[in-house]
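A quick write-up on the structure given underneath.
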Amino acid sequence: MNATVRSPRLRADRSGRGGPVRSGRASRLARYAVGYAFVAPIVAFFLTFVLYPFLRSFYISLTQWSGFGVPRFVGLMNFANLLDDEIFWQSLRTTLVFTVVSTVLQTVLPMALAILLAAGWRGSVVFRTVFFMPQVVSLVVSGLLWQMMYDGNFGLVNRMLTSVGLGGLAHNWLADPGTVLPAILVVSLWQSAGFYMLVFFAGLQGIDQTLYEAARVDGASKVQEILRITVPMLAPVTGVVVTLNVLGGVKVFELIYVMTGGGPNHASEVLGTYLYGLAFGSTAGSTPAVGYATAVSVVVFVLGMAAVGLQFAMTRRARDV
């Protein structure tokens, strides 16, 4: 009797539970469908304009192609030719030197400026504005402006040197292989120091002031406060600034192309200007070498990823310590 009574109840319970489960799954699928509908345009944009060109560039680096016609697959021949390319190695050295020097200068100096301005000097807001103003000017305009200032005949730099009795140092700075890269580094520092200064200044606002009060109670000097508190507490911000500088140094192009085009005699040639000349035919003769230039761009990508990966590893190790 009990069995005959329970079996319909069990069937009813199972059928009763089945309805809400199916309706719950349908509602979840409906919610997922709405979410996918919102995400789909972004995914389509990413696949079309980011991922596909990224993968396509790797394929083109394995071909011999002038930009017209059908690319001819040559495997790793382009990368093998890079090993015997003297201009490539020179541009690689120049890129590494520019990256290291610019990263050091554009990290240390903006940090020092931010610390000084955060000390409560009168007019610090005005100084922050003045230092940031070059960031508003585009790199192309900055390059053209400084190109005229460095001119050997009527440039402002030579006139200033002559006016203070240092006329013997006046020369065409961008035409001298020994001074062209330092001259460009000065422009790069002038252009970006204000931006990184504000990044450090924002990081300084997040430091707990009780740390400084405790240090003063212990008799610490201002220099000790900076070295023992400020600099260590700015480590995350410094990591971001270093990463941005490294990426900017590895892929530098506009400033050097506008000011020197890689000259004189490839003294300021970097990987960005070299691959541009290859791709558009100004370096490889009348025939563009898009495949070979793309192989150089792959090297730039690998360098950037390696530098950023190394910097992240160092930051993580410092945080663990």
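Residue numbers start at 1 in each chain; chains themselves are named A, B, ... in the order of the structure tokens; ligands are numbered from 1 in the order shown.
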
At a cut-off of 8 Å, can you tabulate as a Markdown table every residue of stretch 205-271 of chain A near stretch 130-142 of chain A together with its closest atom pair and the distance in Å to one decimal, using only C-alpha atoms and ordering rows by chain then number?
| residue | atom | partner | partner_atom | distance |
| --- | --- | --- | --- | --- |
| A:Glu254 | CA | A:Val140 | CA | 6.4 |
| A:Leu255 | CA | A:Leu139 | CA | 5.8 |
| A:Val258 | CA | A:Val140 | CA | 6.3 |

Set out as CSV a contact list for stretch 25-135 of chain A and stretch 232-253 of chain A with a cut-off of 8 Å, giving each residue of stretch 25-135 of chain A that qualifies its closest atom pair and distance in Å to one decimal, counting only C-alpha atoms, ordered by chain and rising residue number.
residue,atom,partner,partner_atom,distance
A:Thr95,CA,A:Val250,CA,6.2
A:Leu96,CA,A:Val250,CA,7.2
A:Phe98,CA,A:Gly249,CA,6.3
A:Thr99,CA,A:Gly249,CA,4.2
A:Val100,CA,A:Val246,CA,7.6
A:Ser102,CA,A:Gly249,CA,7.0
A:Thr103,CA,A:Asn245,CA,5.2
A:Gln106,CA,A:Asn245,CA,7.3
A:Thr107,CA,A:Val241,CA,6.6

Per residue of stretch 192-282 of chain A within 9 Å of stretch 54-72 of chain A, record the nearest atom pair and its distance in Å to one decimal, counting only C-alpha atoms, with rows in chain order and ascending residue number, as JSON lines.
{"residue": "A:Ala279", "atom": "CA", "partner": "A:Ser66", "partner_atom": "CA", "distance": 7.8}
{"residue": "A:Phe280", "atom": "CA", "partner": "A:Ser66", "partner_atom": "CA", "distance": 8.9}
{"residue": "A:Gly281", "atom": "CA", "partner": "A:Ser66", "partner_atom": "CA", "distance": 8.9}

Keeping only all heavy atoms, take the residues you just selected and write them out as an mmCIF file, in the first residue's frame.
data_model
loop_
_atom_site.group_PDB
_atom_site.id
_atom_site.type_symbol
_atom_site.label_atom_id
_atom_site.label_comp_id
_atom_site.auth_asym_id
_atom_site.auth_seq_id
_atom_site.Cartn_x
_atom_site.Cartn_y
_atom_site.Cartn_z
ATOM 1 N N ALA A 279 60.371 49.067 -45.235
ATOM 2 C CA ALA A 279 59.007 48.807 -45.686
ATOM 3 C C ALA A 279 58.579 49.726 -46.814
ATOM 4 O O ALA A 279 57.818 49.318 -47.694
ATOM 5 C CB ALA A 279 58.032 48.935 -44.515
ATOM 6 N N PHE A 280 59.097 50.960 -46.831
ATOM 7 C CA PHE A 280 58.673 51.925 -47.838
ATOM 8 C C PHE A 280 59.758 52.213 -48.862
ATOM 9 O O PHE A 280 59.659 53.176 -49.616
ATOM 10 C CB PHE A 280 58.213 53.213 -47.157
ATOM 11 C CG PHE A 280 56.954 53.029 -46.372
ATOM 12 C CD1 PHE A 280 56.998 52.763 -45.016
ATOM 13 C CD2 PHE A 280 55.720 53.090 -46.991
ATOM 14 C CE1 PHE A 280 55.834 52.579 -44.290
ATOM 15 C CE2 PHE A 280 54.547 52.907 -46.272
ATOM 16 C CZ PHE A 280 54.603 52.649 -44.913
ATOM 17 N N GLY A 281 60.809 51.422 -48.871
ATOM 18 C CA GLY A 281 61.754 51.459 -49.970
ATOM 19 C C GLY A 281 62.861 52.465 -49.881
ATOM 20 O O GLY A 281 63.737 52.482 -50.736
#

### Message
According to DSSP computed on the backbone, where in stretch 72-305 of chain A is there alpha helix (DSSP H)? Give the residues as a ChimeraX atom specification.
### Response
/A:77-82,86-117,124-136,139-149,156-163,180-204,209-217,222-225,231-233,235-250,254-259,271-279,290-305
